[in-house]
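Below is start.pdb, holding PDB, C-alpha atoms.
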```pdb
ATOM      1  CA  MET K 119      90.032  -8.018  22.545
ATOM      2  CA  PRO K 120      87.541  -8.671  25.421
ATOM      3  CA  LEU K 121      86.551  -4.987  25.414
ATOM      4  CA  PHE K 122      85.996  -5.115  21.660
ATOM      5  CA  LEU K 123      83.806  -8.203  21.988
ATOM      6  CA  PHE K 124      81.857  -6.606  24.831
ATOM      7  CA  LYS K 125      81.166  -3.480  22.776
ATOM      8  CA  ARG K 126      80.048  -5.553  19.801
ATOM      9  CA  PHE K 127      77.807  -7.589  22.062
ATOM     10  CA  LEU K 128      76.149  -4.434  23.405
ATOM     11  CA  GLN K 129      75.608  -3.149  19.868
ATOM     12  CA  ALA K 130      74.079  -6.479  18.842
ATOM     13  CA  LEU K 131      71.822  -6.435  21.894
ATOM     14  CA  LEU K 132      70.606  -2.919  21.074
ATOM     15  CA  VAL K 133      69.828  -3.974  17.500
ATOM     16  CA  LEU K 134      67.815  -6.961  18.690
ATOM     17  CA  ILE K 135      65.898  -4.813  21.171
ATOM     18  CA  GLY K 136      65.128  -2.309  18.417
ATOM     19  CA  VAL K 137      63.952  -5.030  16.049
ATOM     20  CA  SER K 138      61.798  -6.687  18.687
ATOM     21  CA  PHE K 139      60.186  -3.358  19.621
ATOM     22  CA  SER K 140      59.598  -2.379  15.985
ATOM     23  CA  THR K 141      58.069  -5.764  15.182
ATOM     24  CA  PHE K 142      55.876  -5.619  18.273
ATOM     25  CA  ILE K 143      54.604  -2.091  17.547
ATOM     26  CA  VAL K 144      54.045  -2.628  13.817
ATOM     27  CA  ALA K 145      52.127  -5.823  14.481
ATOM     28  CA  HIS K 146      49.802  -3.982  16.868
ATOM     29  CA  MET K 147      49.392  -1.049  14.459
ATOM     30  CA  THR K 148      48.070  -3.360  11.719
ATOM     31  CA  GLY K 149      44.909  -3.942  13.740
ATOM     32  CA  ASP K 150      43.626  -6.028  16.598
ATOM     33  CA  PRO K 151      45.645  -9.274  16.542
ATOM     34  CA  VAL K 152      42.641 -11.128  17.925
ATOM     35  CA  GLU K 153      40.480 -10.047  14.980
ATOM     36  CA  LEU K 154      43.245 -11.167  12.631
ATOM     37  CA  MET K 155      43.791 -14.551  14.260
ATOM     38  CA  ALA K 156      40.253 -15.478  15.302
ATOM     39  CA  ARG K 157      38.166 -17.630  13.029
ATOM     40  CA  GLU K 158      35.268 -16.094  11.172
ATOM     41  CA  ASN K 159      32.663 -17.917  13.266
ATOM     42  CA  ALA K 160      34.305 -17.038  16.593
ATOM     43  CA  THR K 161      31.973 -15.582  19.225
ATOM     44  CA  LEU K 162      32.688 -12.548  21.380
ATOM     45  CA  GLU K 163      33.428 -14.863  24.298
ATOM     46  CA  ASP K 164      35.947 -16.788  22.190
ATOM     47  CA  LYS K 165      37.659 -13.565  21.152
ATOM     48  CA  GLN K 166      37.799 -12.303  24.722
ATOM     49  CA  ALA K 167      39.250 -15.601  25.899
ATOM     50  CA  LEU K 168      41.882 -15.434  23.172
ATOM     51  CA  ARG K 169      42.674 -11.831  24.104
ATOM     52  CA  GLU K 170      43.192 -12.786  27.746
ATOM     53  CA  PHE K 171      45.270 -15.822  26.808
ATOM     54  CA  LEU K 172      47.582 -13.680  24.676
ATOM     55  CA  GLY K 173      47.763 -11.021  27.365
ATOM     56  CA  LEU K 174      46.363  -8.363  25.041
ATOM     57  CA  ASP K 175      44.088  -7.030  27.769
ATOM     58  CA  ARG K 176      47.154  -5.739  29.645
ATOM     59  CA  PRO K 177      48.921  -2.366  29.055
ATOM     60  CA  LEU K 178      51.111  -2.209  25.943
ATOM     61  CA  ALA K 179      54.370  -1.732  27.869
ATOM     62  CA  GLU K 180      53.623  -4.759  30.022
ATOM     63  CA  GLN K 181      52.842  -6.810  26.933
ATOM     64  CA  TYR K 182      56.174  -5.875  25.353
ATOM     65  CA  LEU K 183      58.198  -6.686  28.476
ATOM     66  CA  SER K 184      56.418 -10.023  28.737
ATOM     67  CA  PHE K 185      57.156 -10.751  25.082
ATOM     68  CA  VAL K 186      60.865  -9.938  25.479
ATOM     69  CA  GLY K 187      61.144 -11.961  28.683
ATOM     70  CA  LYS K 188      59.609 -15.023  27.070
ATOM     71  CA  ALA K 189      61.744 -14.590  23.936
ATOM     72  CA  LEU K 190      64.916 -14.608  26.056
ATOM     73  CA  GLN K 191      63.770 -17.972  27.415
ATOM     74  CA  GLY K 192      63.174 -19.335  23.909
ATOM     75  CA  ASP K 193      59.410 -18.869  23.973
ATOM     76  CA  LEU K 194      58.264 -16.938  20.885
ATOM     77  CA  GLY K 195      54.572 -17.509  21.445
ATOM     78  CA  TYR K 196      51.970 -19.947  20.211
ATOM     79  CA  SER K 197      50.584 -20.301  16.689
ATOM     80  CA  PHE K 198      46.832 -20.828  16.820
ATOM     81  CA  VAL K 199      46.752 -21.492  13.078
ATOM     82  CA  GLN K 200      49.351 -24.279  13.238
ATOM     83  CA  GLN K 201      48.338 -25.325  16.761
ATOM     84  CA  ALA K 202      51.974 -25.482  17.886
ATOM     85  CA  PRO K 203      54.599 -23.319  19.630
ATOM     86  CA  VAL K 204      56.359 -20.861  17.299
ATOM     87  CA  THR K 205      59.789 -22.010  18.470
ATOM     88  CA  GLN K 206      58.954 -25.594  17.555
ATOM     89  CA  LEU K 207      57.677 -24.612  14.091
ATOM     90  CA  ILE K 208      60.830 -22.615  13.341
ATOM     91  CA  ALA K 209      63.102 -25.359  14.685
ATOM     92  CA  GLU K 210      61.447 -27.922  12.415
ATOM     93  CA  ARG K 211      62.012 -25.790   9.309
ATOM     94  CA  LEU K 212      65.411 -24.314  10.193
ATOM     95  CA  PRO K 213      67.592 -27.309   9.131
ATOM     96  CA  ALA K 214      66.208 -27.176   5.577
ATOM     97  CA  THR K 215      66.861 -23.434   5.392
ATOM     98  CA  LEU K 216      70.404 -23.792   6.741
ATOM     99  CA  LEU K 217      71.133 -26.575   4.243
ATOM    100  CA  LEU K 218      69.910 -24.474   1.332
ATOM    101  CA  ALA K 219      71.720 -21.350   2.534
ATOM    102  CA  ALA K 220      74.997 -23.222   3.062
ATOM    103  CA  ALA K 221      74.826 -24.800  -0.393
ATOM    104  CA  GLY K 222      74.038 -21.475  -2.064
ATOM    105  CA  PHE K 223      76.741 -19.638  -0.122
ATOM    106  CA  VAL K 224      79.497 -22.163  -0.867
ATOM    107  CA  LEU K 225      78.526 -22.225  -4.534
ATOM    108  CA  ALA K 226      78.543 -18.408  -4.681
ATOM    109  CA  LEU K 227      82.065 -18.304  -3.211
ATOM    110  CA  LEU K 228      83.328 -21.000  -5.582
ATOM    111  CA  ILE K 229      82.065 -18.929  -8.509
ATOM    112  CA  SER K 230      82.851 -15.385  -7.395
ATOM    113  CA  VAL K 231      86.314 -15.600  -5.829
ATOM    114  CA  PRO K 232      88.148 -17.289  -8.753
ATOM    115  CA  LEU K 233      86.278 -15.203 -11.348
ATOM    116  CA  GLY K 234      86.942 -11.980  -9.473
ATOM    117  CA  ILE K 235      90.672 -12.709  -9.233
ATOM    118  CA  ILE K 236      90.918 -13.752 -12.891
ATOM    119  CA  ILE K 237      89.197 -10.672 -14.307
ATOM    120  CA  ALA K 238      91.239  -8.450 -11.974
ATOM    121  CA  LEU K 239      94.433  -9.940 -13.419
ATOM    122  CA  LYS K 240      93.014  -9.677 -16.964
ATOM    123  CA  ARG K 241      91.467  -6.225 -16.574
ATOM    124  CA  ASN K 242      90.407  -4.367 -19.716
ATOM    125  CA  THR K 243      90.438  -7.590 -21.737
ATOM    126  CA  VAL K 244      87.581  -9.491 -23.346
ATOM    127  CA  TRP K 245      87.333 -11.747 -20.282
ATOM    128  CA  ASP K 246      86.954  -8.728 -18.030
ATOM    129  CA  VAL K 247      84.204  -7.202 -20.171
ATOM    130  CA  VAL K 248      82.244 -10.453 -20.572
ATOM    131  CA  VAL K 249      82.362 -11.529 -16.919
ATOM    132  CA  THR K 250      81.558  -8.020 -15.658
ATOM    133  CA  ALA K 251      78.589  -7.802 -18.024
ATOM    134  CA  LEU K 252      77.308 -11.202 -16.872
ATOM    135  CA  ALA K 253      77.723 -10.138 -13.243
ATOM    136  CA  MET K 254      75.679  -6.999 -13.857
ATOM    137  CA  ILE K 255      72.957  -9.058 -15.542
ATOM    138  CA  GLY K 256      72.988 -11.474 -12.605
ATOM    139  CA  GLN K 257      72.537  -8.600 -10.175
ATOM    140  CA  ALA K 258      69.699  -7.070 -12.165
ATOM    141  CA  ALA K 259      67.754 -10.277 -12.840
ATOM    142  CA  PRO K 260      65.040 -10.949 -10.220
ATOM    143  CA  GLY K 261      65.488 -14.090  -8.167
ATOM    144  CA  PHE K 262      62.059 -15.486  -9.027
ATOM    145  CA  TRP K 263      62.804 -15.098 -12.767
ATOM    146  CA  ILE K 264      66.120 -16.934 -12.417
ATOM    147  CA  GLY K 265      64.411 -19.736 -10.521
ATOM    148  CA  LEU K 266      61.618 -20.100 -13.055
ATOM    149  CA  MET K 267      64.048 -20.110 -15.993
ATOM    150  CA  LEU K 268      66.123 -22.824 -14.325
ATOM    151  CA  VAL K 269      62.985 -24.892 -13.766
ATOM    152  CA  VAL K 270      61.906 -24.500 -17.405
ATOM    153  CA  LEU K 271      65.347 -25.418 -18.749
ATOM    154  CA  PHE K 272      66.600 -28.193 -16.459
ATOM    155  CA  ALA K 273      63.359 -29.667 -15.094
ATOM    156  CA  VAL K 274      60.763 -29.202 -17.834
ATOM    157  CA  GLU K 275      62.779 -29.258 -21.067
ATOM    158  CA  LEU K 276      65.832 -31.379 -20.245
ATOM    159  CA  LYS K 277      64.181 -33.350 -17.412
ATOM    160  CA  LEU K 278      67.485 -33.619 -15.584
ATOM    161  CA  LEU K 279      66.370 -32.317 -12.200
ATOM    162  CA  PRO K 280      63.160 -32.351 -10.131
ATOM    163  CA  VAL K 281      60.902 -29.306 -10.371
ATOM    164  CA  SER K 282      60.417 -28.787  -6.660
ATOM    165  CA  GLY K 283      60.246 -30.504  -3.313
ATOM    166  CA  TYR K 284      62.610 -31.723  -0.623
ATOM    167  CA  GLY K 285      64.402 -35.029  -0.864
ATOM    168  CA  GLY K 286      67.788 -36.184  -2.137
ATOM    169  CA  PRO K 287      70.712 -34.056  -3.329
ATOM    170  CA  LEU K 288      69.113 -33.461  -6.746
ATOM    171  CA  TYR K 289      66.299 -31.476  -5.121
ATOM    172  CA  LEU K 290      68.906 -29.075  -3.722
ATOM    173  CA  VAL K 291      70.565 -28.201  -7.034
ATOM    174  CA  LEU K 292      68.105 -25.739  -8.597
ATOM    175  CA  PRO K 293      67.231 -23.721  -5.463
ATOM    176  CA  ALA K 294      70.909 -23.559  -4.467
ATOM    177  CA  ILE K 295      71.905 -22.282  -7.918
ATOM    178  CA  THR K 296      69.069 -19.735  -7.822
ATOM    179  CA  LEU K 297      70.330 -18.354  -4.528
ATOM    180  CA  ALA K 298      73.978 -18.522  -5.540
ATOM    181  CA  LEU K 299      73.804 -16.684  -8.861
ATOM    182  CA  GLN K 300      72.776 -13.297  -7.533
ATOM    183  CA  SER K 301      75.187 -13.508  -4.594
ATOM    184  CA  ALA K 302      77.984 -14.612  -6.913
ATOM    185  CA  ALA K 303      77.299 -11.674  -9.236
ATOM    186  CA  ARG K 304      77.646  -9.143  -6.412
ATOM    187  CA  LEU K 305      80.691 -10.819  -4.880
ATOM    188  CA  THR K 306      82.492 -11.193  -8.227
ATOM    189  CA  ARG K 307      82.412  -7.460  -8.877
ATOM    190  CA  LEU K 308      83.528  -6.734  -5.320
ATOM    191  CA  VAL K 309      86.428  -9.214  -5.480
ATOM    192  CA  ARG K 310      87.546  -7.642  -8.770
ATOM    193  CA  ALA K 311      87.429  -4.093  -7.372
ATOM    194  CA  SER K 312      89.220  -5.072  -4.158
ATOM    195  CA  MET K 313      91.947  -6.977  -5.993
ATOM    196  CA  LEU K 314      92.557  -4.090  -8.402
ATOM    197  CA  GLU K 315      92.912  -1.688  -5.495
ATOM    198  CA  VAL K 316      95.337  -3.925  -3.628
ATOM    199  CA  LEU K 317      97.425  -4.842  -6.690
ATOM    200  CA  ASN K 318      98.223  -1.142  -7.139
ATOM    201  CA  ALA K 319      99.242  -0.692  -3.497
ATOM    202  CA  ASP K 320     102.798   0.225  -2.514
ATOM    203  CA  TYR K 321     103.470  -2.971  -0.539
ATOM    204  CA  ILE K 322     102.637  -5.092  -3.599
ATOM    205  CA  ARG K 323     105.141  -3.145  -5.702
ATOM    206  CA  THR K 324     107.687  -3.587  -2.898
ATOM    207  CA  ALA K 325     107.063  -7.348  -2.876
ATOM    208  CA  ARG K 326     107.613  -7.487  -6.632
ATOM    209  CA  SER K 327     110.822  -5.476  -6.344
ATOM    210  CA  LYS K 328     112.136  -8.016  -3.830
ATOM    211  CA  GLY K 329     111.768 -10.736  -6.439
ATOM    212  CA  LEU K 330     108.923 -12.679  -4.858
ATOM    213  CA  ARG K 331     107.058 -15.062  -7.108
ATOM    214  CA  GLU K 332     103.847 -13.709  -8.637
ATOM    215  CA  ARG K 333     101.849 -16.562  -7.152
ATOM    216  CA  THR K 334     103.130 -15.725  -3.657
ATOM    217  CA  ILE K 335     102.339 -12.047  -4.145
ATOM    218  CA  LEU K 336      98.856 -12.809  -5.418
ATOM    219  CA  PHE K 337      97.656 -15.370  -2.867
ATOM    220  CA  ILE K 338      99.665 -14.433   0.244
ATOM    221  CA  HIS K 339      99.774 -10.640   0.086
ATOM    222  CA  ALA K 340      97.201  -9.293  -2.366
ATOM    223  CA  PHE K 341      94.358 -11.737  -1.737
ATOM    224  CA  ARG K 342      94.551 -11.386   2.024
ATOM    225  CA  GLY K 343      94.570  -7.596   1.813
ATOM    226  CA  ALA K 344      91.568  -7.605  -0.509
ATOM    227  CA  MET K 345      89.436  -9.793   1.733
ATOM    228  CA  ILE K 346      88.219  -7.169   4.229
ATOM    229  CA  PRO K 347      85.388  -5.758   2.057
ATOM    230  CA  VAL K 348      84.734  -9.209   0.563
ATOM    231  CA  VAL K 349      84.276 -10.777   4.006
ATOM    232  CA  THR K 350      81.899  -7.973   4.963
ATOM    233  CA  MET K 351      79.758  -8.523   1.874
ATOM    234  CA  ALA K 352      79.979 -12.308   2.192
ATOM    235  CA  GLY K 353      78.686 -12.097   5.751
ATOM    236  CA  LEU K 354      75.723 -10.009   4.644
ATOM    237  CA  GLU K 355      75.060 -12.419   1.790
ATOM    238  CA  LEU K 356      75.091 -15.403   4.145
ATOM    239  CA  ALA K 357      72.714 -13.677   6.551
ATOM    240  CA  GLU K 358      70.392 -12.833   3.671
ATOM    241  CA  LEU K 359      70.484 -16.402   2.378
ATOM    242  CA  VAL K 360      69.569 -17.772   5.797
ATOM    243  CA  SER K 361      66.806 -15.311   6.600
ATOM    244  CA  GLY K 362      65.602 -14.001   3.253
ATOM    245  CA  ALA K 363      65.136 -16.947   0.883
ATOM    246  CA  PHE K 364      61.350 -16.508   0.908
ATOM    247  CA  ILE K 365      60.867 -16.358  -2.861
ATOM    248  CA  THR K 366      63.227 -19.227  -3.662
ATOM    249  CA  GLU K 367      61.732 -21.509  -1.035
ATOM    250  CA  THR K 368      58.236 -20.714  -2.308
ATOM    251  CA  ILE K 369      59.108 -21.346  -5.970
ATOM    252  CA  PHE K 370      60.725 -24.711  -5.267
ATOM    253  CA  ALA K 371      58.335 -25.752  -2.453
ATOM    254  CA  TRP K 372      61.331 -25.972  -0.136
ATOM    255  CA  PRO K 373      60.147 -26.622   3.434
ATOM    256  CA  GLY K 374      62.224 -23.911   5.080
ATOM    257  CA  VAL K 375      61.615 -20.933   7.321
ATOM    258  CA  GLY K 376      61.057 -18.628   4.351
ATOM    259  CA  ARG K 377      58.136 -20.653   3.051
ATOM    260  CA  LEU K 378      56.827 -20.918   6.609
ATOM    261  CA  ALA K 379      56.838 -17.116   6.860
ATOM    262  CA  VAL K 380      55.024 -16.684   3.534
ATOM    263  CA  ASN K 381      52.308 -19.087   4.626
ATOM    264  CA  ALA K 382      52.064 -17.277   7.969
ATOM    265  CA  VAL K 383      51.387 -13.986   6.162
ATOM    266  CA  TYR K 384      48.659 -15.587   4.069
ATOM    267  CA  GLN K 385      47.109 -17.180   7.155
ATOM    268  CA  ARG K 386      47.441 -14.024   9.281
ATOM    269  CA  ASP K 387      49.481 -15.949  11.839
ATOM    270  CA  PHE K 388      50.703 -12.985  13.884
ATOM    271  CA  PRO K 389      52.860 -14.810  16.512
ATOM    272  CA  LEU K 390      54.621 -16.874  13.834
ATOM    273  CA  ILE K 391      55.437 -13.811  11.719
ATOM    274  CA  GLN K 392      56.873 -12.070  14.760
ATOM    275  CA  GLY K 393      58.992 -15.091  15.643
ATOM    276  CA  VAL K 394      60.418 -15.449  12.131
ATOM    277  CA  VAL K 395      61.350 -11.755  12.018
ATOM    278  CA  LEU K 396      63.186 -12.033  15.334
ATOM    279  CA  MET K 397      65.006 -15.146  14.132
ATOM    280  CA  ALA K 398      66.106 -13.371  10.949
ATOM    281  CA  ALA K 399      67.346 -10.375  12.942
ATOM    282  CA  ALA K 400      69.257 -12.661  15.307
ATOM    283  CA  PHE K 401      71.028 -14.334  12.377
ATOM    284  CA  PHE K 402      72.013 -10.976  10.922
ATOM    285  CA  VAL K 403      73.399  -9.786  14.244
ATOM    286  CA  ILE K 404      75.318 -13.003  14.960
ATOM    287  CA  ILE K 405      76.872 -13.203  11.502
ATOM    288  CA  ASN K 406      77.881  -9.524  11.545
ATOM    289  CA  PHE K 407      79.467 -10.060  14.953
ATOM    290  CA  LEU K 408      81.486 -13.000  13.612
ATOM    291  CA  VAL K 409      82.561 -10.931  10.607
ATOM    292  CA  ASP K 410      83.898  -8.198  12.908
ATOM    293  CA  VAL K 411      85.956 -10.789  14.778
ATOM    294  CA  LEU K 412      87.294 -12.241  11.520
ATOM    295  CA  TYR K 413      88.716  -8.850  10.539
ATOM    296  CA  VAL K 414      91.544  -9.309  13.038
ATOM    297  CA  VAL K 415      92.415 -12.754  11.696
ATOM    298  CA  ILE K 416      92.424 -11.626   8.075
ATOM    299  CA  ASP K 417      94.215  -8.307   8.422
ATOM    300  CA  PRO K 418      96.574  -7.694  11.369
ATOM    301  CA  ARG K 419      96.533  -3.971  10.562
ATOM    302  CA  VAL K 420      93.087  -3.798  12.065
ATOM    303  CA  LYS K 421      93.582  -2.628  15.626
ATOM    304  CA  LEU K 422      91.046  -3.270  18.357
ATOM    305  CA  LYS K 423      91.035  -0.238  20.577
TER     306      LYS K 423
END
```

Go ahead and render the structure in this file as structure tokens.
Amino acid sequence: MPLFLFKRFLQALLVLIGVSFSTFIVAHMTGDPVELMARENATLEDKQALREFLGLDRPLAEQYLSFVGKALQGDLGYSFVQQAPVTQLIAERLPATLLLAAAGFVLALLISVPLGIIIALKRNTVWDVVVTALAMIGQAAPGFWIGLMLVVLFAVELKLLPVSGYGGPLYLVLPAITLALQSAARLTRLVRASMLEVLNADYIRTARSKGLRERTILFIHAFRGAMIPVVTMAGLELAELVSGAFITETIFAWPGVGRLAVNAVYQRDFPLIQGVVLMAAAFFVIINFLVDVLYVVIDPRVKLK
């Protein structure tokens, strides 16, 4: 187990190093960061002072090592547009993003897991066809379209929920549903496929031949065996909800990290963009690491060599 965790940690570290290097290089390839960040009326002296402050007058390799060293200490740079440290700006917006992601993720699981099990048990019936068709539509429909349709129906026409903003629980409903529907569509189809595969396995037939109750077979044996691919996909969905809810947060004016990143792109805030990308990569790596550890808990057949 310790060796397994150590190997996973090294893999995660390599991924983060690769992401940080790619972000650093791409940002420099888009042009002179000083020209992008400086105001239109900035003088040559102002630009040179900004270049020296950012360390852009040093060799590229030295700049990258300095960036990584500061990032390991929690310093992701300084936003001249927002006039605040990048770490502080992300920390202020992160709770709203985590709240929205958690709500969307829980709702997606509450929808997908029961539906996936039901249509697996009722395969090739009307229920199976209808739910599978709805799941395919949910996967194909763009997130911004789903969000706008929910706003038109529940906020504009029925006036049951607020259009946008951040406040009480009612403000969370529409953005959480928008995030949850697409995730639920993907997870429902995966739960169905995994359950069908496991229900036809030899150990399930053996359990039935021993006279075990169908409920015990379904929830103790079949469901646990079908969870390996579902947990993998659920982990990716959670990471995407935390780090990739840019469109949803923009539509509903949700003050999260996604909306912060969109505004940073518009404002050409290079340090803030770089910090958000690193944060998103860190979430992906951490969640994937936790998913790998959960494999052993879910399925004892998984051996850690």

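With only C-alpha atoms as the atoms that count, the minimum distance from K:Asp246 to the choices K:Thr306, K:Ile135, K:Gly222, K:Ala189 is reached by K:Thr306.
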
- Identify the residues within 7 Å of coordinate (62.8, -26.8, -12.4) (same frame as the file), considering only C-alpha atoms, and give the answer as a PyMOL selection string. chain K and resi 266+268-274+279-282+292

- Query: If you count all atoms listed in the file, which residues fall within 8 Å of K:Ile416, apart from same-chain ones fewer than 4 positions away, as a count of residues only?
  - Reply: 5

- Query: How many Å separate atom CA of K:Ala379 from atom CA of K:Val152?
  - Reply: 19.0 Å

- Give me the result of the PyMOL selection byres ((chain K and resi 347-361) around 9) on this file, residue by residue, as an NGL selection string. :K and (212 or 215-216 or 218-220 or 222-223 or 227 or 297-298 or 301 or 304-305 or 308-309 or 312 or 344-346 or 362-364 or 375-376 or 394-395 or 397-399 or 401-406 or 408-410 or 412-413)

- Query: What is the distance, in Å and to one decimal place, between atom CA of K:Ile143 and atom CA of K:Leu178?
  - Reply: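 If I compute the distance from atom CA of K:Ile143 to atom CA of K:Leu178, I get 9.1 Å.
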
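Residues matching the PyMOL selection byres ((chain K and resi 209) around 12) in this structure come to Gly192, Asp193, Leu194, Ala202, Pro203, Val204, Thr205, Gln206, Leu207, Ile208, Glu210, Arg211, Leu212, Pro213, Ala214, Thr215, Leu216, Pro373, Gly374, Val375, Leu378, Gly393, Val394 and Met397 of chain K.
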
- Atom-to-atom span, atom CA of K:Leu174 and atom CA of K:Val133, Å: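 Pair atom CA of K:Leu174 / atom CA of K:Val133 returns 25.0 Å.
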
Mind dumping stretch 368-390 of chain K from that block, keeping N, CA and C atoms, as a PDB file, in the first residue's frame?
```pdb
ATOM      1  N   THR K 368     -20.813  31.686 -15.509  1.00  0.00           N
ATOM      2  CA  THR K 368     -21.002  32.932 -16.253  1.00  0.00           C
ATOM      3  C   THR K 368     -22.475  33.192 -16.518  1.00  0.00           C
ATOM      4  N   ILE K 369     -23.213  32.142 -16.908  1.00  0.00           N
ATOM      5  CA  ILE K 369     -24.644  32.304 -17.210  1.00  0.00           C
ATOM      6  C   ILE K 369     -25.406  32.781 -15.982  1.00  0.00           C
ATOM      7  N   PHE K 370     -25.112  32.194 -14.837  1.00  0.00           N
ATOM      8  CA  PHE K 370     -25.882  32.489 -13.623  1.00  0.00           C
ATOM      9  C   PHE K 370     -25.192  33.519 -12.727  1.00  0.00           C
ATOM     10  N   ALA K 371     -24.161  34.192 -13.243  1.00  0.00           N
ATOM     11  CA  ALA K 371     -23.434  35.207 -12.469  1.00  0.00           C
ATOM     12  C   ALA K 371     -23.018  34.658 -11.106  1.00  0.00           C
ATOM     13  N   TRP K 372     -22.530  33.427 -11.113  1.00  0.00           N
ATOM     14  CA  TRP K 372     -22.118  32.768  -9.876  1.00  0.00           C
ATOM     15  C   TRP K 372     -20.669  33.169  -9.571  1.00  0.00           C
ATOM     16  N   PRO K 373     -20.408  33.724  -8.412  1.00  0.00           N
ATOM     17  CA  PRO K 373     -19.076  34.270  -8.128  1.00  0.00           C
ATOM     18  C   PRO K 373     -18.048  33.198  -7.770  1.00  0.00           C
ATOM     19  N   GLY K 374     -17.780  32.303  -8.718  1.00  0.00           N
ATOM     20  CA  GLY K 374     -16.831  31.237  -8.480  1.00  0.00           C
ATOM     21  C   GLY K 374     -15.542  31.428  -9.266  1.00  0.00           C
ATOM     22  N   VAL K 375     -14.706  30.410  -9.209  1.00  0.00           N
ATOM     23  CA  VAL K 375     -13.412  30.470  -9.890  1.00  0.00           C
ATOM     24  C   VAL K 375     -13.586  30.473 -11.403  1.00  0.00           C
ATOM     25  N   GLY K 376     -14.600  29.780 -11.905  1.00  0.00           N
ATOM     26  CA  GLY K 376     -14.835  29.751 -13.340  1.00  0.00           C
ATOM     27  C   GLY K 376     -15.127  31.127 -13.906  1.00  0.00           C
ATOM     28  N   ARG K 377     -15.999  31.859 -13.247  1.00  0.00           N
ATOM     29  CA  ARG K 377     -16.300  33.222 -13.697  1.00  0.00           C
ATOM     30  C   ARG K 377     -15.085  34.122 -13.542  1.00  0.00           C
ATOM     31  N   LEU K 378     -14.303  33.895 -12.493  1.00  0.00           N
ATOM     32  CA  LEU K 378     -13.069  34.653 -12.300  1.00  0.00           C
ATOM     33  C   LEU K 378     -12.114  34.425 -13.463  1.00  0.00           C
ATOM     34  N   ALA K 379     -12.022  33.174 -13.938  1.00  0.00           N
ATOM     35  CA  ALA K 379     -11.128  32.867 -15.050  1.00  0.00           C
ATOM     36  C   ALA K 379     -11.610  33.508 -16.349  1.00  0.00           C
ATOM     37  N   VAL K 380     -12.918  33.487 -16.585  1.00  0.00           N
ATOM     38  CA  VAL K 380     -13.460  34.121 -17.795  1.00  0.00           C
ATOM     39  C   VAL K 380     -13.160  35.612 -17.800  1.00  0.00           C
ATOM     40  N   ASN K 381     -13.365  36.267 -16.684  1.00  0.00           N
ATOM     41  CA  ASN K 381     -13.058  37.692 -16.599  1.00  0.00           C
ATOM     42  C   ASN K 381     -11.563  37.948 -16.771  1.00  0.00           C
ATOM     43  N   ALA K 382     -10.732  37.039 -16.276  1.00  0.00           N
ATOM     44  CA  ALA K 382      -9.285  37.200 -16.423  1.00  0.00           C
ATOM     45  C   ALA K 382      -8.870  37.121 -17.886  1.00  0.00           C
ATOM     46  N   VAL K 383      -9.532  36.255 -18.661  1.00  0.00           N
ATOM     47  CA  VAL K 383      -9.227  36.172 -20.097  1.00  0.00           C
ATOM     48  C   VAL K 383      -9.614  37.473 -20.791  1.00  0.00           C
ATOM     49  N   TYR K 384     -10.785  37.984 -20.479  1.00  0.00           N
ATOM     50  CA  TYR K 384     -11.227  39.240 -21.084  1.00  0.00           C
ATOM     51  C   TYR K 384     -10.289  40.398 -20.731  1.00  0.00           C
ATOM     52  N   GLN K 385      -9.789  40.387 -19.500  1.00  0.00           N
ATOM     53  CA  GLN K 385      -8.960  41.487 -19.017  1.00  0.00           C
ATOM     54  C   GLN K 385      -7.467  41.259 -19.261  1.00  0.00           C
ATOM     55  N   ARG K 386      -7.136  40.147 -19.910  1.00  0.00           N
ATOM     56  CA  ARG K 386      -5.748  39.803 -20.215  1.00  0.00           C
ATOM     57  C   ARG K 386      -4.896  39.744 -18.947  1.00  0.00           C
ATOM     58  N   ASP K 387      -5.479  39.139 -17.917  1.00  0.00           N
ATOM     59  CA  ASP K 387      -4.807  39.019 -16.623  1.00  0.00           C
ATOM     60  C   ASP K 387      -3.986  37.737 -16.615  1.00  0.00           C
ATOM     61  N   PHE K 388      -2.775  37.810 -17.134  1.00  0.00           N
ATOM     62  CA  PHE K 388      -1.930  36.637 -17.335  1.00  0.00           C
ATOM     63  C   PHE K 388      -1.635  35.859 -16.042  1.00  0.00           C
ATOM     64  N   PRO K 389      -1.190  36.482 -14.946  1.00  0.00           N
ATOM     65  CA  PRO K 389      -0.905  35.705 -13.733  1.00  0.00           C
ATOM     66  C   PRO K 389      -2.132  34.991 -13.181  1.00  0.00           C
ATOM     67  N   LEU K 390      -3.304  35.628 -13.267  1.00  0.00           N
ATOM     68  CA  LEU K 390      -4.519  35.008 -12.739  1.00  0.00           C
ATOM     69  C   LEU K 390      -4.930  33.798 -13.573  1.00  0.00           C
TER      70      LEU K 390
END
```
